[in-house]
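J.: Structure below; questions to follow.
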Amino acid sequence: MFVNEEKDYHLQAYSPLIDAGDTLVKDKDGTRSDIGLYGGPYGTTYPYLDLAPLEPRGITATVTGDTTQLNWKRNHESDFKHYLVYGDTTQGFNADSTHLIGTTTDTTFTKIIPGFSGSYYILFKSKDNQGNISDASEEIRIVPVGIKGEGHEVAMDYRLFQNYPNPFNPGTVIGFRLKEEGRVQLTVYTLTGEKIKVLRDESLSAGYYESYFTGESLSSGIYLYKLNVISPSGLPVYTDIKKMILVK
């Protein structure tokens, strides 16, 4: 629970790292030392900001007849309360209270959609105990199939997700989604392009996957991870690169 996972490592309010350090070490305000860059006698005194939780990530879908079950990765904020589910027939709809179709503390949601002629869109938000609401998740599109729209399927694109946690020490999880079967190459590099480790180099079917990366032998800094997807016919179909931060 940092203020910003990429550049500001001050702790948020309700972070489990507050007053969780060495019992014999004090922060500048005289309380037990925080764990993190700004704890201890050489740290700083600062207000703990009460920020919104992270948006739901790693959404997957299973379709059976006219029923769609959506699953996602669980949030781990210590003040997390529940998920908000929004839906509408218009792409890019405004996810407000008029489009709220459910809440859940679990990481699964089931929606029954009878035969219809158009698409239906669903997205999620996270809410904490103080009422703070996250940004919206990616928008999931449920499309009809068949001549008369009898049944449906979920249209999900290729995507490389931001690693979590980020910053990390020593390990982090990298998630990605495949729209169709393909050969996956997931590789970690330095900022100068030096290859550090190949996390994946294999053929995978459509779906959501995760790989674990540990930086135990590396120094603090910014690293890159790159996803390449090649179709069964040998054609490149997707590539993306993201940054991650190792802090020791």
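Chain labels A, B, ... are given in the sequence in which chains occur in the structure tokens; within each chain residues are numbered consecutively from 1, and ligands are likewise numbered from 1 in the order shown.
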Need the shell around stretch 96-109 of chain A: protein/DNA/RNA residues with any atom at most 8 Å away, counting only C-alpha atoms. Skip same-chain ones fewer than 2 positions apart. Format as a ChimeraX atom specification?

T.: /A:69-74,81-88,94,111

J.: Counting only C-alpha atoms, what is within 10 Å of stretch 185-188 of chain A, bar same-chain residues fewer than 4 positions away, as an NGL selection string?

T.: :A and (160 or 174 or 176 or 193-203 or 211 or 213 or 223-230 or 239-244)

J.: Write the residues of the selection above to a file with C-alpha atoms, as a PDB file, in the first residue's frame.

T.:
```pdb
ATOM      1  CA  LEU A 160       0.126  -7.614 -20.726  1.00  0.00           C
ATOM      2  CA  ILE A 174       3.449 -10.741 -14.094  1.00  0.00           C
ATOM      3  CA  PHE A 176      -0.941 -11.666 -19.287  1.00  0.00           C
ATOM      4  CA  GLY A 193      18.317  -4.072 -23.212  1.00  0.00           C
ATOM      5  CA  GLU A 194      20.436  -6.775 -21.584  1.00  0.00           C
ATOM      6  CA  LYS A 195      18.450 -10.000 -21.249  1.00  0.00           C
ATOM      7  CA  ILE A 196      18.108 -11.145 -17.629  1.00  0.00           C
ATOM      8  CA  LYS A 197      15.717 -14.073 -17.723  1.00  0.00           C
ATOM      9  CA  VAL A 198      13.219 -15.812 -20.004  1.00  0.00           C
ATOM     10  CA  LEU A 199      10.120 -16.499 -17.899  1.00  0.00           C
ATOM     11  CA  ARG A 200       8.090 -18.171 -20.654  1.00  0.00           C
ATOM     12  CA  ASP A 201       8.897 -19.638 -24.051  1.00  0.00           C
ATOM     13  CA  GLU A 202       6.128 -22.084 -24.854  1.00  0.00           C
ATOM     14  CA  SER A 203       2.844 -22.598 -26.674  1.00  0.00           C
ATOM     15  CA  SER A 211       4.566 -15.845 -14.140  1.00  0.00           C
ATOM     16  CA  PHE A 213       9.910 -13.260 -11.196  1.00  0.00           C
ATOM     17  CA  TYR A 223      13.657  -3.288 -15.192  1.00  0.00           C
ATOM     18  CA  LEU A 224      11.635  -4.100 -18.308  1.00  0.00           C
ATOM     19  CA  TYR A 225       9.501  -7.108 -19.145  1.00  0.00           C
ATOM     20  CA  LYS A 226       8.348  -7.876 -22.671  1.00  0.00           C
ATOM     21  CA  LEU A 227       5.634 -10.159 -24.028  1.00  0.00           C
ATOM     22  CA  ASN A 228       5.728 -11.507 -27.584  1.00  0.00           C
ATOM     23  CA  VAL A 229       2.939 -13.716 -28.939  1.00  0.00           C
ATOM     24  CA  ILE A 230       3.336 -15.647 -32.184  1.00  0.00           C
ATOM     25  CA  THR A 239       3.878  -7.426 -28.332  1.00  0.00           C
ATOM     26  CA  ASP A 240       4.082  -5.087 -25.336  1.00  0.00           C
ATOM     27  CA  ILE A 241       6.691  -3.849 -22.842  1.00  0.00           C
ATOM     28  CA  LYS A 242       6.227  -2.554 -19.281  1.00  0.00           C
ATOM     29  CA  LYS A 243       8.459  -1.274 -16.489  1.00  0.00           C
ATOM     30  CA  MET A 244       8.832  -2.680 -12.987  1.00  0.00           C
TER      31      MET A 244
END
```

J.: With 9 Å as the cut-off and only C-alpha atoms counted, what is the closest atom pair between each nearby residue of stretch 48-156 of chain A and stretch 15-25 of chain A? Distances in Å to one decimal, ordered by chain and number, as CSV.

T.:
```
residue,atom,partner,partner_atom,distance
A:Tyr48,CA,A:Ser15,CA,8.9
A:Glu77,CA,A:Ser15,CA,7.5
A:Ser78,CA,A:Ser15,CA,6.5
A:Asp79,CA,A:Ser15,CA,8.2
```

J.: With C-alpha atoms kept, could you save the residues just selected as a PDB file, in the first residue's frame?

T.:
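In the end it all went to again-v1.pdb:
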```pdb
ATOM      1  CA  TYR A  48      -0.679   8.900   5.745  1.00  0.00           C
ATOM      2  CA  GLU A  77      -5.376  -3.932   0.782  1.00  0.00           C
ATOM      3  CA  SER A  78      -5.860  -4.214   4.543  1.00  0.00           C
ATOM      4  CA  ASP A  79      -8.895  -1.874   4.413  1.00  0.00           C
TER       5      ASP A  79
END
```

J.: So that I can check the surroundings of stretch 49-51 of chain A, please list as a list in words every protein, DNA and RNA residue that reaches within 7 Å of it, counting only C-alpha atoms and ignoring chain neighbours fewer than 5 positions away.

T.: Gln12, Ala13 and Asn132 of chain A

J.: Mind dumping the selected residues with C-alpha atoms as a compact mmCIF listing (two decimals), in the first residue's frame?

T.:
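Dumped to result07.txt:
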```
# COMPACT_ATOMS: atom_id res chain seq x y z
CA GLN A 12 -0.93 4.85 2.68
CA ALA A 13 -3.18 5.03 5.70
CA ASN A 132 -12.92 5.12 -1.49
```

J.: Mind pulling up the distance from atom CA of A:Thr90 to atom CA of A:Val143?

T.: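 These two atoms are separated by 12.0 Å.
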
J.: Taking into account only C-alpha atoms, which residue in the set A:Asp66, A:Phe168, A:Gln162, A:Leu204 is nearest to A:Ile142?

T.: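 Counting only C-alpha atoms, the residue closest to A:Ile142 is A:Asp66.
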
J.: Write out as a PyMOL selection string all residues of stretch 4-221 of chain A that backbone DSSP assigns to strand (DSSP E).

T.: chain A and resi 4+8-11+57-64+67-73+80-88+100-104+108-112+120-128+140-144+152-155+159-160+171-178+182-190+195-204+207-214+221

J.: Name the closest residue to A:Pro53 among the candidates A:Ser33, A:Ser134, A:Thr89, A:Thr68; distances are taken between atoms, counting only C-alpha atoms.

T.: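 Smallest distance to A:Pro53 is found for A:Ser134.
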
J.: If I take atom CA of A:Arg183 and atom CA of A:Pro167, how far is one from the other in Å, to one decimal?

T.: 28.5 Å

J.: Choose the residue, out of A:Thr45, A:Thr31, A:Thr214, A:Thr192, that has the smallest atom-to-atom separation from A:Gly171; count only C-alpha atoms.

T.: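 Residue with the minimum atom-to-atom distance to A:Gly171: A:Thr214.
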
J.: Please indicate the distance in Å from atom CA of A:Asp34 to atom CA of A:Val173, rounded to one decimal place.

T.: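 We find that atom CA of A:Asp34 and atom CA of A:Val173 lie 24.7 Å from each other.
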